[in-house]
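Shown below: target_38.tsv, with TSV, C-alpha atoms.
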```
chain	number	residue	atom	x	y	z
A	13	MET	CA	0.00	0.00	0.00
A	14	GLY	CA	1.34	3.42	-0.95
A	15	ILE	CA	1.24	6.65	1.01
A	16	ILE	CA	-2.33	7.95	1.24
A	17	ILE	CA	-3.25	11.63	0.93
A	18	LYS	CA	-6.23	12.57	3.12
A	19	SER	CA	-9.05	14.95	2.20
A	20	ASP	CA	-9.98	17.94	4.35
A	21	ARG	CA	-13.02	16.01	5.60
A	22	GLU	CA	-10.94	12.99	6.59
A	23	ILE	CA	-8.42	15.17	8.41
A	24	ALA	CA	-11.31	16.88	10.24
A	25	ILE	CA	-12.49	13.50	11.53
A	26	MET	CA	-8.95	12.61	12.60
A	27	ARG	CA	-8.76	15.99	14.35
A	28	ARG	CA	-11.79	14.98	16.44
A	29	ALA	CA	-10.18	11.67	17.34
A	30	GLY	CA	-6.95	13.49	18.16
A	31	ARG	CA	-8.61	15.97	20.49
A	32	ILE	CA	-10.16	13.08	22.40
A	33	ILE	CA	-6.77	11.41	22.77
A	34	GLY	CA	-5.05	14.63	23.84
A	35	THR	CA	-7.71	15.33	26.45
A	36	THR	CA	-7.55	11.78	27.77
A	37	LEU	CA	-3.77	11.72	28.03
A	38	GLU	CA	-3.72	15.00	29.95
A	39	GLU	CA	-6.28	13.60	32.40
A	40	LEU	CA	-4.16	10.49	32.85
A	41	ARG	CA	-1.06	12.63	33.44
A	42	ASN	CA	-2.92	14.55	36.14
A	43	ARG	CA	-4.14	11.36	37.82
A	44	LEU	CA	-0.79	9.57	37.96
A	45	LYS	CA	0.18	8.87	41.57
A	46	PRO	CA	2.09	6.33	43.63
A	47	GLY	CA	-0.01	3.33	44.59
A	48	MET	CA	-2.07	3.20	41.38
A	49	LYS	CA	-2.31	-0.03	39.45
A	50	THR	CA	-1.55	0.36	35.77
A	51	ALA	CA	-4.92	-1.30	35.04
A	52	GLU	CA	-6.63	1.73	36.64
A	53	LEU	CA	-5.11	3.97	33.97
A	54	ASP	CA	-6.42	1.67	31.26
A	55	LYS	CA	-9.91	1.75	32.76
A	56	ILE	CA	-9.92	5.56	32.92
A	57	ALA	CA	-8.67	5.83	29.34
A	58	GLU	CA	-11.29	3.52	27.85
A	59	GLU	CA	-14.13	5.14	29.79
A	60	MET	CA	-13.07	8.60	28.63
A	61	LEU	CA	-12.70	7.58	25.00
A	62	ARG	CA	-16.14	6.00	24.86
A	63	LYS	CA	-17.79	8.87	26.74
A	64	MET	CA	-16.43	11.32	24.15
A	65	GLY	CA	-17.61	9.22	21.22
A	66	ALA	CA	-14.49	7.31	20.24
A	67	ALA	CA	-13.52	3.65	20.34
A	68	PRO	CA	-10.10	2.44	21.53
A	69	SER	CA	-7.79	1.55	18.64
A	70	PHE	CA	-5.51	-0.79	20.51
A	71	LYS	CA	-7.99	-3.11	22.22
A	72	GLY	CA	-7.92	-6.36	20.27
A	73	TYR	CA	-5.42	-4.99	17.71
A	74	HIS	CA	-3.39	-8.07	16.77
A	75	GLY	CA	-4.64	-9.48	20.08
A	76	PHE	CA	-3.51	-6.63	22.36
A	77	PRO	CA	-5.67	-6.98	25.49
A	78	ALA	CA	-6.07	-3.34	26.60
A	79	SER	CA	-7.02	0.15	25.40
A	80	LEU	CA	-3.87	1.85	26.69
A	81	CYS	CA	-0.20	0.90	26.54
A	82	VAL	CA	1.49	1.56	29.90
A	83	SER	CA	5.27	1.20	29.87
A	84	VAL	CA	7.24	1.74	33.10
A	85	ASN	CA	10.93	2.61	33.57
A	86	GLU	CA	12.96	0.24	31.33
A	87	GLU	CA	9.86	-0.59	29.29
A	88	ILE	CA	9.92	1.28	25.99
A	89	VAL	CA	6.54	0.62	24.42
A	90	HIS	CA	3.58	-1.81	24.24
A	91	GLY	CA	3.41	-2.38	28.00
A	92	ILE	CA	0.25	-4.26	29.03
A	93	PRO	CA	-1.59	-2.65	31.97
A	94	GLY	CA	-2.40	-4.93	34.88
A	95	ASP	CA	-1.73	-5.33	38.60
A	96	ARG	CA	1.64	-3.55	38.63
A	97	ILE	CA	1.60	-0.80	41.26
A	98	LEU	CA	3.27	2.48	40.37
A	99	LYS	CA	5.90	3.75	42.80
A	100	GLU	CA	7.23	7.20	43.66
A	101	GLY	CA	9.86	8.12	41.11
A	102	ASP	CA	8.71	5.79	38.32
A	103	LEU	CA	8.84	6.94	34.70
A	104	VAL	CA	5.63	6.02	32.88
A	105	SER	CA	4.95	6.18	29.13
A	106	LEU	CA	1.28	6.18	28.08
A	107	ASP	CA	0.38	5.40	24.46
A	108	LEU	CA	-3.24	5.73	23.29
A	109	GLY	CA	-5.13	5.36	20.01
A	110	ALA	CA	-8.73	6.23	19.16
A	111	VAL	CA	-11.11	5.64	16.26
A	112	VAL	CA	-13.85	8.08	15.19
A	113	GLU	CA	-15.99	7.30	12.12
A	114	GLY	CA	-13.41	4.82	10.90
A	115	PHE	CA	-10.40	7.16	11.18
A	116	GLN	CA	-7.58	6.81	13.69
A	117	ALA	CA	-5.31	9.02	15.75
A	118	ASP	CA	-2.45	8.01	18.03
A	119	ALA	CA	-0.36	9.81	20.67
A	120	ALA	CA	1.91	9.13	23.63
A	121	ILE	CA	3.35	10.99	26.61
A	122	SER	CA	5.93	10.20	29.26
A	123	ALA	CA	5.55	11.46	32.81
A	124	GLY	CA	6.96	10.94	36.28
A	125	VAL	CA	5.10	9.48	39.23
A	126	GLY	CA	5.33	11.83	42.21
A	127	GLN	CA	8.81	13.20	42.83
A	128	VAL	CA	11.29	11.90	40.27
A	129	SER	CA	15.06	12.04	39.88
A	130	ALA	CA	16.88	14.55	37.71
A	131	ASP	CA	17.75	11.67	35.36
A	132	VAL	CA	14.07	10.92	34.80
A	133	GLU	CA	13.26	14.61	34.28
A	134	ASP	CA	16.09	14.95	31.75
A	135	LEU	CA	14.96	11.92	29.74
A	136	ILE	CA	11.32	13.05	29.67
A	137	LYS	CA	12.36	16.53	28.49
A	138	ALA	CA	14.74	15.17	25.86
A	139	THR	CA	12.03	12.94	24.44
A	140	ALA	CA	9.52	15.80	24.27
A	141	ASP	CA	12.15	18.07	22.68
A	142	SER	CA	13.02	15.39	20.11
A	143	LEU	CA	9.36	15.11	19.17
A	144	ALA	CA	9.06	18.89	18.83
A	145	GLU	CA	12.11	19.08	16.55
A	146	GLY	CA	10.86	16.16	14.48
A	147	LEU	CA	7.51	17.88	14.02
A	148	ALA	CA	9.21	21.14	13.03
A	149	ALA	CA	10.93	19.25	10.20
A	150	ALA	CA	7.65	17.73	8.98
A	151	ARG	CA	6.83	20.27	6.29
A	152	ASP	CA	5.46	20.08	2.77
A	153	GLY	CA	8.43	19.62	0.41
A	154	ASN	CA	10.78	18.24	3.05
A	155	HIS	CA	11.69	14.56	3.16
A	156	LEU	CA	11.04	11.78	5.64
A	157	GLY	CA	14.74	11.73	6.47
A	158	ASP	CA	14.50	15.32	7.72
A	159	ILE	CA	12.22	14.13	10.54
A	160	GLY	CA	14.49	11.27	11.57
A	161	GLU	CA	17.63	13.39	11.49
A	162	ALA	CA	16.00	16.10	13.61
A	163	VAL	CA	14.82	13.56	16.19
A	164	GLU	CA	18.16	11.80	16.54
A	165	ASP	CA	20.23	15.00	16.56
A	166	CYS	CA	18.14	16.35	19.43
A	167	ALA	CA	18.39	13.09	21.38
A	168	LYS	CA	22.17	13.03	21.01
A	169	ARG	CA	22.51	16.66	22.10
A	170	HIS	CA	20.74	15.67	25.31
A	171	GLY	CA	23.02	12.66	25.75
A	172	PHE	CA	20.50	9.93	24.89
A	173	ASN	CA	20.06	7.31	22.16
A	174	VAL	CA	17.04	6.71	19.95
A	175	VAL	CA	15.51	3.24	19.82
A	176	LYS	CA	16.02	2.18	16.21
A	177	ASN	CA	13.89	-0.97	15.95
A	178	TYR	CA	10.65	0.97	16.43
A	179	GLY	CA	9.36	4.23	14.99
A	180	GLY	CA	6.43	6.22	13.71
A	181	HIS	CA	4.06	5.49	10.86
A	182	GLY	CA	1.44	6.79	8.53
A	183	ILE	CA	-2.05	6.71	9.98
A	184	GLY	CA	-5.66	7.12	8.81
A	185	ARG	CA	-8.22	4.43	8.19
A	186	SER	CA	-5.63	2.00	9.54
A	187	MET	CA	-3.51	2.46	12.64
A	188	HIS	CA	-0.36	1.66	10.68
A	189	GLU	CA	-0.10	2.92	7.11
A	190	ASP	CA	2.91	3.73	4.94
A	191	PRO	CA	5.41	5.18	5.46
A	192	HIS	CA	7.43	3.80	8.39
A	193	ILE	CA	9.08	6.78	10.11
A	194	PRO	CA	12.47	5.96	11.68
A	195	ASN	CA	13.73	8.12	14.54
A	196	PHE	CA	17.03	8.51	12.70
A	197	GLY	CA	17.93	9.37	9.15
A	198	ARG	CA	19.59	11.75	6.75
A	199	SER	CA	18.16	15.09	5.70
A	200	GLY	CA	16.89	15.05	2.12
A	201	SER	CA	16.48	11.27	1.99
A	202	GLY	CA	13.30	9.21	1.74
A	203	PRO	CA	9.85	10.08	0.37
A	204	LYS	CA	8.94	13.73	-0.07
A	205	LEU	CA	6.33	15.03	2.37
A	206	ARG	CA	3.15	16.34	0.75
A	207	LYS	CA	0.13	18.27	1.96
A	208	GLY	CA	-2.56	15.86	3.15
A	209	MET	CA	-0.25	13.21	4.54
A	210	THR	CA	-1.15	12.18	8.09
A	211	LEU	CA	1.68	10.79	10.18
A	212	ALA	CA	2.32	9.58	13.72
A	213	VAL	CA	5.79	10.77	14.75
A	214	GLU	CA	7.03	9.00	17.89
A	215	PRO	CA	10.52	9.29	19.31
A	216	MET	CA	11.55	6.59	21.79
A	217	LEU	CA	14.72	7.42	23.71
A	218	SER	CA	16.93	5.30	25.94
A	219	ALA	CA	19.26	6.40	28.72
A	220	GLY	CA	21.58	3.57	27.70
A	221	SER	CA	21.97	1.37	24.65
A	222	CYS	CA	19.54	1.52	21.74
A	223	GLU	CA	19.31	-2.29	21.89
A	224	ASN	CA	16.02	-3.78	23.07
A	225	LYS	CA	14.11	-7.03	23.45
A	226	VAL	CA	10.51	-8.20	23.80
A	227	GLY	CA	9.40	-9.46	27.20
A	228	ALA	CA	7.82	-12.78	28.15
A	229	ASP	CA	4.30	-11.45	27.48
A	230	ALA	CA	5.25	-11.17	23.77
A	231	TRP	CA	4.26	-7.48	23.76
A	232	THR	CA	6.28	-5.33	26.15
A	233	VAL	CA	9.49	-3.97	24.59
A	234	VAL	CA	12.25	-3.28	27.13
A	235	THR	CA	15.77	-1.87	26.94
A	236	ALA	CA	18.31	-4.67	26.68
A	237	ASP	CA	20.50	-3.13	29.40
A	238	GLY	CA	17.65	-2.29	31.79
A	239	LYS	CA	18.20	1.46	31.49
A	240	LEU	CA	15.32	3.95	31.47
A	241	ALA	CA	13.32	4.70	28.32
A	242	ALA	CA	10.72	7.30	27.37
A	243	HIS	CA	8.24	7.74	24.51
A	244	ALA	CA	6.41	10.74	23.05
A	245	GLU	CA	4.11	10.88	20.03
A	246	HIS	CA	1.71	13.11	18.10
A	247	THR	CA	-0.44	12.52	15.06
A	248	ILE	CA	0.03	15.33	12.55
A	249	ALA	CA	-1.26	16.48	9.16
A	250	ILE	CA	1.17	17.93	6.64
A	251	THR	CA	-0.05	21.36	5.51
A	252	GLU	CA	1.35	24.12	3.30
A	253	GLY	CA	3.22	25.49	6.34
A	254	GLU	CA	3.92	24.00	9.76
A	255	ALA	CA	2.44	20.58	10.37
A	256	GLU	CA	-0.87	20.63	12.22
A	257	VAL	CA	-0.74	18.62	15.44
A	258	LEU	CA	-4.02	16.74	15.66
A	259	THR	CA	-3.59	15.18	19.11
A	260	LEU	CA	-3.50	18.23	21.36
A	261	ALA	CA	-5.95	18.60	24.24
A	262	ARG	CA	-8.37	21.45	23.65
```

Render the structure in this file as structure tokens.
Amino acid sequence: MGIIIKSDREIAIMRRAGRIIGTTLEELRNRLKPGMKTAELDKIAEEMLRKMGAAPSFKGYHGFPASLCVSVNEEIVHGIPGDRILKEGDLVSLDLGAVVEGFQADAAISAGVGQVSADVEDLIKATADSLAEGLAAARDGNHLGDIGEAVEDCAKRHGFNVVKNYGGHGIGRSMHEDPHIPNFGRSGSGPKLRKGMTLAVEPMLSAGSCENKVGADAWTVVTADGKLAAHAEHTIAITEGEAEVLTLAR
């Protein structure tokens, strides 16, 4: 399947899904506290999505058992919520997808639980900054490699590594459409970005090696060396100027 250009109407529907995700993730950030089970976050997320008129994208997707991915500390992505109890100082990444009228949006945030160390704060900030710089490079006429180069350059300036086995993706009627969006690359390389493309850009940064492995549950991706990881993501639409971020809370 090739890269799909979305109509104004289709982007408007994705904008609705994105607002729901952004609002839900901000509520989850505000509710994070020591002593919570990760399953509680999943329950809140699904209830909010459905109340606002969206369906969860992830639940049942290739067999994933929850609406929200909750990844803690050395977990990078695809963490399954359950009975794990969050502790003071944990780093938590929350990844959420929603469907409205057959169109998808996808976003992720990383946040600390209670008081966190300076190392956790630095990694969260670096991941958010890498996302912001990647989005700034996502302009009509630029290339996919401009996004990846911007993300990795920012991560390295902060002293972190990008996870190279996982990355962003096109998004629309399907959660994962072409193109795959690596969090590394070379400016001017790859497909040219065009107005109407809708993309999920999602840096994943590690405090140690970029190497990773999949846990015993066959879903949760963890750093191979057990070092901290963080994840940030927005769904965007390429416009004639700056990319429009569709997954902001409003």

(request) Would you mind telling me which residue in A:Arg21, A:Lys176, A:Arg28, A:Arg62 lies nearest to Leu260 (chain A) when using only C-alpha atoms? (result) A:Arg28

(request) Name the closest residue to Leu61 (chain A) among the candidates A:Gly179, A:Gly109, A:Pro215, A:Gly124; distances are taken between atoms, counting all atoms listed in the file. (result)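 Nearest candidate to Leu61 (chain A) out of A:Gly179, A:Gly109, A:Pro215, A:Gly124: A:Gly109.
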
(message) Which residues are near Glu133 (chain A)? Cut-off 9 Å, all atoms listed in the file, ignore same chain within fewer than 3 positions. Put them as a count of residues only.
(response) 9

Residues of region 111-226 of chain A at most 12 Å from region 234-246 of chain A: nearest atom pair and distance in Å, all atoms listed in the file, as a tab-separated table:
```
residue	atom	partner	partner_atom	distance
A:Ala117	CA	A:His246	CA	8.5
A:Asp118	CA	A:His246	CA	6.6
A:Ala119	CA	A:Glu245	CA	4.6
A:Ala120	CA	A:Glu245	CA	4.6
A:Ile121	CA	A:Ala244	CA	4.7
A:Ser122	CA	A:His243	CA	5.8
A:Ala123	CA	A:Ala242	CA	8.6
A:Gly124	CA	A:Ala242	CA	10.3
A:Ser129	CA	A:Leu240	CA	11.7
A:Asp131	CA	A:Leu240	CA	9.0
A:Val132	CA	A:Leu240	CA	7.8
A:Glu133	CA	A:Ala242	CA	10.4
A:Asp134	CA	A:Ala242	CA	10.3
A:Leu135	CA	A:Ala242	CA	6.7
A:Ile136	CA	A:Ala242	CA	6.2
A:Lys137	CA	A:Ala242	CA	9.4
A:Ala138	CA	A:Ala242	CA	9.0
A:Thr139	CA	A:Ala244	CA	6.2
A:Ala140	CA	A:Ala244	CA	6.1
A:Asp141	CA	A:Ala244	CA	9.3
A:Ser142	CA	A:Ala244	CA	8.6
A:Leu143	CA	A:Ala244	CA	6.5
A:Ala144	CA	A:His246	CA	9.4
A:Glu145	CA	A:Glu245	CA	12.0
A:Gly146	CA	A:Glu245	CA	10.2
A:Leu147	CA	A:His246	CA	8.5
A:Ala150	CA	A:His246	CA	11.8
A:Val163	CA	A:Ala244	CA	11.2
A:Ala167	CA	A:Ala242	CA	11.3
A:Phe172	CA	A:Ala241	CA	9.5
A:Asn173	CA	A:Ala241	CA	9.5
A:Val174	CA	A:Ala241	CA	9.4
A:Val175	CA	A:Thr235	CA	8.8
A:Lys176	CA	A:Thr235	CA	11.5
A:Asn177	CA	A:Thr235	CA	11.2
A:Tyr178	CA	A:His243	CA	10.8
A:Gly179	CA	A:Glu245	CA	9.9
A:Gly180	CA	A:Glu245	CA	8.2
A:His181	CA	A:Glu245	CA	10.6
A:Gly182	CA	A:His246	CA	11.5
A:Ile183	CA	A:His246	CA	11.0
A:Ile193	CA	A:Glu245	CA	11.8
A:Asn195	CA	A:His243	CA	11.4
A:Thr210	CA	A:His246	CA	10.5
A:Leu211	CA	A:His246	CA	8.3
A:Ala212	CA	A:His246	CA	5.7
A:Val213	CA	A:Glu245	CA	5.5
A:Glu214	CA	A:Glu245	CA	4.1
A:Pro215	CA	A:Ala244	CA	5.7
A:Met216	CA	A:His243	CA	4.4
A:Leu217	CA	A:Ala242	CA	5.4
A:Ser218	CA	A:Ala241	CA	4.4
A:Ala219	CA	A:Leu240	CA	5.4
A:Gly220	CA	A:Lys239	CA	5.5
A:Ser221	CA	A:Asp237	CA	6.7
A:Cys222	CA	A:Thr235	CA	7.3
A:Glu223	CA	A:Ala236	CA	5.4
A:Asn224	CA	A:Thr235	CA	4.3
A:Lys225	CA	A:Val234	CA	5.6
A:Val226	CA	A:Val234	CA	6.2
```

(request) Grab the CA of Arg262 (chain A) to CA of Arg31 (chain A) distance for me, in Å with one decimal place. (result)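 So the two atoms, CA of Arg262 (chain A) and CA of Arg31 (chain A), lie 6.3 Å apart.
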